[in-house]
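**Student:** Got a structure for you, questions after.
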Amino acid sequence: MRTYDCSCGATLFFTNTHCHTCGRTVGWCDACRAVTSVSKSGQCETPGCGQRLQPCANRDAYEVCNAMVSADAGSGALCRGCQRTTHAPDPSDARNLTQWRALERGKRRLHYDLALIGVTDQQLDAEPPLTYRFLADTPDEHIITGHADGVITINLAEADPVVREKGRQQFGEPQRTIIGHFRHEVGHFLWMRLVENEAPHDDCVRLFGDHENPPYGEAMDRYYAEGPDPNWQANYISQYASSHPWEDFAETCGFYLDMRAVLDTLEHQSVRSLSVRRGADLDELLDAYIEAGLTLNEINRTMGLTDLVPEVVNEPVREKLRFVHGLFPVHAELLASV
Ligand SMILES: [Zn+2]
Ligand SMILES: [Zn+2]
Ligand SMILES: [Zn+2]
Ligand SMILES: [Zn+2]
């Protein structure tokens, strides 16, 4: 994740709503694709931009995002990120609101990742477009986190650290985080958009297996009854990836996004010895990430935290990652809106 500059010279972070140095209002400006300070008269202060801005209506009412929208958009206008959320929880409940904010932060970070790897707005917005539902369990319905036909549904409880930690232990998922959920679920979306009816389909089946045989439901029933493939570490990035080719693709894609996001952060935080050149191939990216992981894991252990990069990458997984990497343009820039 890169950082941005306030007009006072201070560093701004991706989720800032105010500059901690000068107190100016700051937020995301879609016109210049940056977190920027906003003048008292409501203009973007990025040099050369000057877009007249107003806060996204969700920012104004609920502080669930830090986006600004064009002042011409009219009252009640939502930013592009908030427009993608078709179902949000009842914000009159304080706990819902806290959890909704946490999920929106993860979602915005995901869209930064997608822009980073070169996924375009057209790819996100083709039919069916990528949208989100953030829903709480009710006495009658348990919300299952997942993806179907462009819609990513996240159970609001995943924003509760206690619930998440229980799941982390119960399902043996060391990377069970909010952003981890998003990076996994968007893998299903990207499979639908870039693989299902496209040229890479046959190579995908060759690497990840036939997603039609066994059928998904049957494979998942077996996974939950019998547990993961006992030999999963030889072929998969995680236990869960051994459940079905679709989950293998989503888990691999999630790891790929973790890798690209961490390397991007290292580059922008000027940790030069651990960053890679632009346009690096998969082996350069992966080797740099594995090397960075040794340092980052040790830092986390120093502070009593879980490993930042717990995965072990074997040869079959490296080939699957090479396939995922090949789905995206080599020289991606920040093309899509965040
Ligand atoms: Zn400032
Ligand atoms: Zn701007
Ligand atoms: Zn918004
Ligand atoms: Zn999945």
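FYI, nothing fancy with the structure tokens labels: chains A, B, ... in order, residues from 1 per chain, ligands from 1 as they appear.
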Among stretch 25-187 of chain A, which residues carry a DSSP assignment of helix (DSSP H, G or I), reported as an MDAnalysis selection string?
**Tutor:** chainID A and resid 57:62 71:73 80:83 94:116 121:125 156:159 161:170 178:187
**Student:** Which residues form the shell of 8 Å around ligand 4 when you count only C-alpha atoms and all ligand atoms, given as a PyMOL selection string?
**Tutor:** chain A and resi 146-147+184-185+187-188+246-247+250-251
**Student:** Using only C-alpha atoms and all ligand atoms, which residues of chain A come within 6 Å of ligand 3, and what is the closest atom pair for each, with the distance in Å to one decimal? Give it as a tab-separated table, sorted by chain and residue number.
**Tutor:**
residue	atom	partner	partner_atom_place_in_ligand_line	distance
A:Cys56	CA	ligand 3	1 (Zn)	4.7
A:Asn58	CA	ligand 3	1 (Zn)	5.2
A:Arg59	CA	ligand 3	1 (Zn)	5.6
A:Cys65	CA	ligand 3	1 (Zn)	4.8
A:Ala67	CA	ligand 3	1 (Zn)	5.2
A:Leu78	CA	ligand 3	1 (Zn)	5.4
A:Cys79	CA	ligand 3	1 (Zn)	4.3
A:Gly81	CA	ligand 3	1 (Zn)	5.7
A:Cys82	CA	ligand 3	1 (Zn)	4.3
**Student:** Could you please take those selected residues and save N, CA and C atoms as a compact mmCIF listing (two decimals), in the first residue's frame?
**Tutor:**
# COMPACT_ATOMS: atom_id res chain seq x y z
N CYS A 56 -18.58 11.51 0.15
CA CYS A 56 -19.51 10.42 -0.15
C CYS A 56 -20.60 10.43 0.94
N ASN A 58 -22.15 8.10 2.38
CA ASN A 58 -21.90 7.11 3.45
C ASN A 58 -20.81 7.58 4.40
N ARG A 59 -19.86 8.35 3.87
CA ARG A 59 -18.83 8.92 4.73
C ARG A 59 -19.48 9.96 5.65
N CYS A 65 -16.43 5.11 4.91
CA CYS A 65 -15.38 5.23 3.90
C CYS A 65 -14.75 6.61 4.04
N ALA A 67 -14.02 8.43 1.15
CA ALA A 67 -14.02 8.92 -0.24
C ALA A 67 -14.73 10.26 -0.37
N LEU A 78 -23.11 8.53 -3.65
CA LEU A 78 -22.17 7.59 -3.05
C LEU A 78 -20.94 7.47 -3.93
N CYS A 79 -19.79 7.19 -3.28
CA CYS A 79 -18.57 6.92 -4.04
C CYS A 79 -18.72 5.58 -4.76
N GLY A 81 -16.94 2.94 -4.56
CA GLY A 81 -16.78 1.82 -3.64
C GLY A 81 -18.08 1.53 -2.91
N CYS A 82 -18.71 2.56 -2.38
CA CYS A 82 -19.95 2.36 -1.63
C CYS A 82 -21.09 1.89 -2.54
**Student:** Find the spatial neighbours of A:Arg318, counting only C-alpha atoms, within a cut-off of 10 Å - ignore same-chain residues fewer than 2 positions away - and output them as a list of chain:residue names.
**Tutor:** A:Asn235, A:Tyr236, A:Ile237, A:Thr252, A:Leu282, A:Asp283, A:Leu286, A:Val313, A:Asn314, A:Glu315, A:Pro316, A:Lys320, A:Leu321, A:Arg322, A:Phe323, A:Val324
**Student:** Within 8 Å of ligand 1, counting only C-alpha atoms and all ligand atoms, which protein or nucleic acid residues do you find, written as a list of chain:residue names?
**Tutor:** A:Asp5, A:Cys6, A:Ser7, A:Cys8, A:Gly9, A:Ala10, A:Thr11, A:Leu12, A:His18, A:Cys19, A:His20, A:Thr21, A:Cys22, A:Gly23, A:Arg24, A:Ser37
**Student:** Could you give me, as JSON lines, every chain A residue with an atom at most 7 Å from ligand 2, plus its closest atom pair and distance in Å to one decimal, counting only C-alpha atoms and all ligand atoms, rows ordered by chain then number?
**Tutor:**
{"residue": "A:Cys29", "atom": "CA", "partner": "ligand 2", "partner_atom_place_in_ligand_line": "1 (Zn)", "distance": 4.6}
{"residue": "A:Asp30", "atom": "CA", "partner": "ligand 2", "partner_atom_place_in_ligand_line": "1 (Zn)", "distance": 6.5}
{"residue": "A:Ala31", "atom": "CA", "partner": "ligand 2", "partner_atom_place_in_ligand_line": "1 (Zn)", "distance": 4.9}
{"residue": "A:Cys32", "atom": "CA", "partner": "ligand 2", "partner_atom_place_in_ligand_line": "1 (Zn)", "distance": 4.1}
{"residue": "A:Arg33", "atom": "CA", "partner": "ligand 2", "partner_atom_place_in_ligand_line": "1 (Zn)", "distance": 6.7}
{"residue": "A:Ala34", "atom": "CA", "partner": "ligand 2", "partner_atom_place_in_ligand_line": "1 (Zn)", "distance": 6.6}
{"residue": "A:Thr36", "atom": "CA", "partner": "ligand 2", "partner_atom_place_in_ligand_line": "1 (Zn)", "distance": 6.6}
{"residue": "A:Cys44", "atom": "CA", "partner": "ligand 2", "partner_atom_place_in_ligand_line": "1 (Zn)", "distance": 4.6}
{"residue": "A:Glu45", "atom": "CA", "partner": "ligand 2", "partner_atom_place_in_ligand_line": "1 (Zn)", "distance": 6.6}
{"residue": "A:Thr46", "atom": "CA", "partner": "ligand 2", "partner_atom_place_in_ligand_line": "1 (Zn)", "distance": 5.4}
{"residue": "A:Cys49", "atom": "CA", "partner": "ligand 2", "partner_atom_place_in_ligand_line": "1 (Zn)", "distance": 4.6}
{"residue": "A:Gly50", "atom": "CA", "partner": "ligand 2", "partner_atom_place_in_ligand_line": "1 (Zn)", "distance": 6.0}
{"residue": "A:Gln51", "atom": "CA", "partner": "ligand 2", "partner_atom_place_in_ligand_line": "1 (Zn)", "distance": 5.4}
**Student:** Residues as selected, N, CA and C atoms, written as a compact mmCIF listing (two decimals), in the first residue's frame, can you do that?
**Tutor:**
# COMPACT_ATOMS: atom_id res chain seq x y z
N CYS A 29 -9.80 11.03 -3.82
CA CYS A 29 -10.34 11.76 -4.97
C CYS A 29 -10.22 10.86 -6.18
N ASP A 30 -11.37 10.55 -6.80
CA ASP A 30 -11.39 9.64 -7.94
C ASP A 30 -10.76 10.29 -9.17
N ALA A 31 -10.80 11.63 -9.24
CA ALA A 31 -10.28 12.31 -10.43
C ALA A 31 -8.77 12.12 -10.55
N CYS A 32 -8.07 12.20 -9.42
CA CYS A 32 -6.60 12.04 -9.49
C CYS A 32 -6.16 10.73 -8.84
N ARG A 33 -7.11 9.90 -8.45
CA ARG A 33 -6.82 8.57 -7.88
C ARG A 33 -5.79 8.65 -6.76
N ALA A 34 -6.09 9.47 -5.77
CA ALA A 34 -5.15 9.64 -4.66
C ALA A 34 -5.92 10.04 -3.40
N THR A 36 -6.04 12.72 -0.80
CA THR A 36 -5.63 14.11 -1.00
C THR A 36 -6.23 15.00 0.08
N CYS A 44 -10.03 19.60 -4.45
CA CYS A 44 -8.91 18.68 -4.31
C CYS A 44 -7.61 19.48 -4.40
N GLU A 45 -6.68 19.21 -3.48
CA GLU A 45 -5.43 19.97 -3.46
C GLU A 45 -4.26 19.23 -4.10
N THR A 46 -4.54 18.10 -4.76
CA THR A 46 -3.46 17.48 -5.53
C THR A 46 -3.09 18.43 -6.66
N CYS A 49 -5.04 18.83 -10.12
CA CYS A 49 -6.38 18.22 -10.10
C CYS A 49 -7.45 19.30 -9.89
N GLY A 50 -7.61 19.77 -8.67
CA GLY A 50 -8.54 20.86 -8.43
C GLY A 50 -10.01 20.49 -8.51
N GLN A 51 -10.32 19.19 -8.60
CA GLN A 51 -11.72 18.73 -8.65
C GLN A 51 -12.50 19.29 -7.46
**Student:** Skipping near chain neighbours, those fewer than 2 positions away, what residues fall within 8 Å of A:Ser238 using only C-alpha atoms, listed as a PyMOL selection string?
**Tutor:** chain A and resi 173+232-233+236+240-242+251+311
**Student:** Can I get the selection written as a PDB file, in the first residue's frame, with C-alpha atoms?
**Tutor:**
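result-v7.pdb, written as the output of this step:
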ATOM      1  CA  GLU A 173      -6.692 -21.062   8.734  1.00  0.00           C
ATOM      2  CA  TRP A 232      -2.195 -31.419   1.128  1.00  0.00           C
ATOM      3  CA  GLN A 233       1.159 -29.789   1.854  1.00  0.00           C
ATOM      4  CA  TYR A 236      -1.763 -27.029  -2.113  1.00  0.00           C
ATOM      5  CA  TYR A 240      -8.872 -25.727   2.425  1.00  0.00           C
ATOM      6  CA  ALA A 241      -7.437 -25.529  -1.090  1.00  0.00           C
ATOM      7  CA  SER A 242      -7.555 -29.338  -1.199  1.00  0.00           C
ATOM      8  CA  GLU A 251      -6.864 -19.812  -2.062  1.00  0.00           C
ATOM      9  CA  GLU A 311       2.606 -20.617   3.893  1.00  0.00           C
TER      10      GLU A 311
END
**Student:** Near A:Gly106, counting only C-alpha atoms, which residues have an atom at most 9 Å away, once you skip same-chain residues fewer than 4 positions from it, shown as a PyMOL selection string?
**Tutor:** chain A and resi 101-102+110-111+178-182
**Student:** With distances taken over only C-alpha atoms, which residue among A:Asp248, A:Arg278, A:Leu327, A:Gln269 lies nearest A:His211?
**Tutor:**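 Using only C-alpha atoms, A:His211 sits closest to A:Asp248.
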**Student:** Give me, as a list in words, all polymer residues having an atom no more than 8 Å from A:Leu53, counting only C-alpha atoms and skipping those fewer than 4 positions away in the same chain.
**Tutor:**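 So the residues in contact are Cys29, Val38, Gly42, Gln43, Cys44, Met68, Val69, Ser70 and Ala71 of chain A.
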**Student:** From the list A:Asp93, A:Asp203, A:Glu212, A:Asp149, which residue is nearest A:Glu127 when using only C-alpha atoms?
**Tutor:**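 Closest candidate: A:Asp149.
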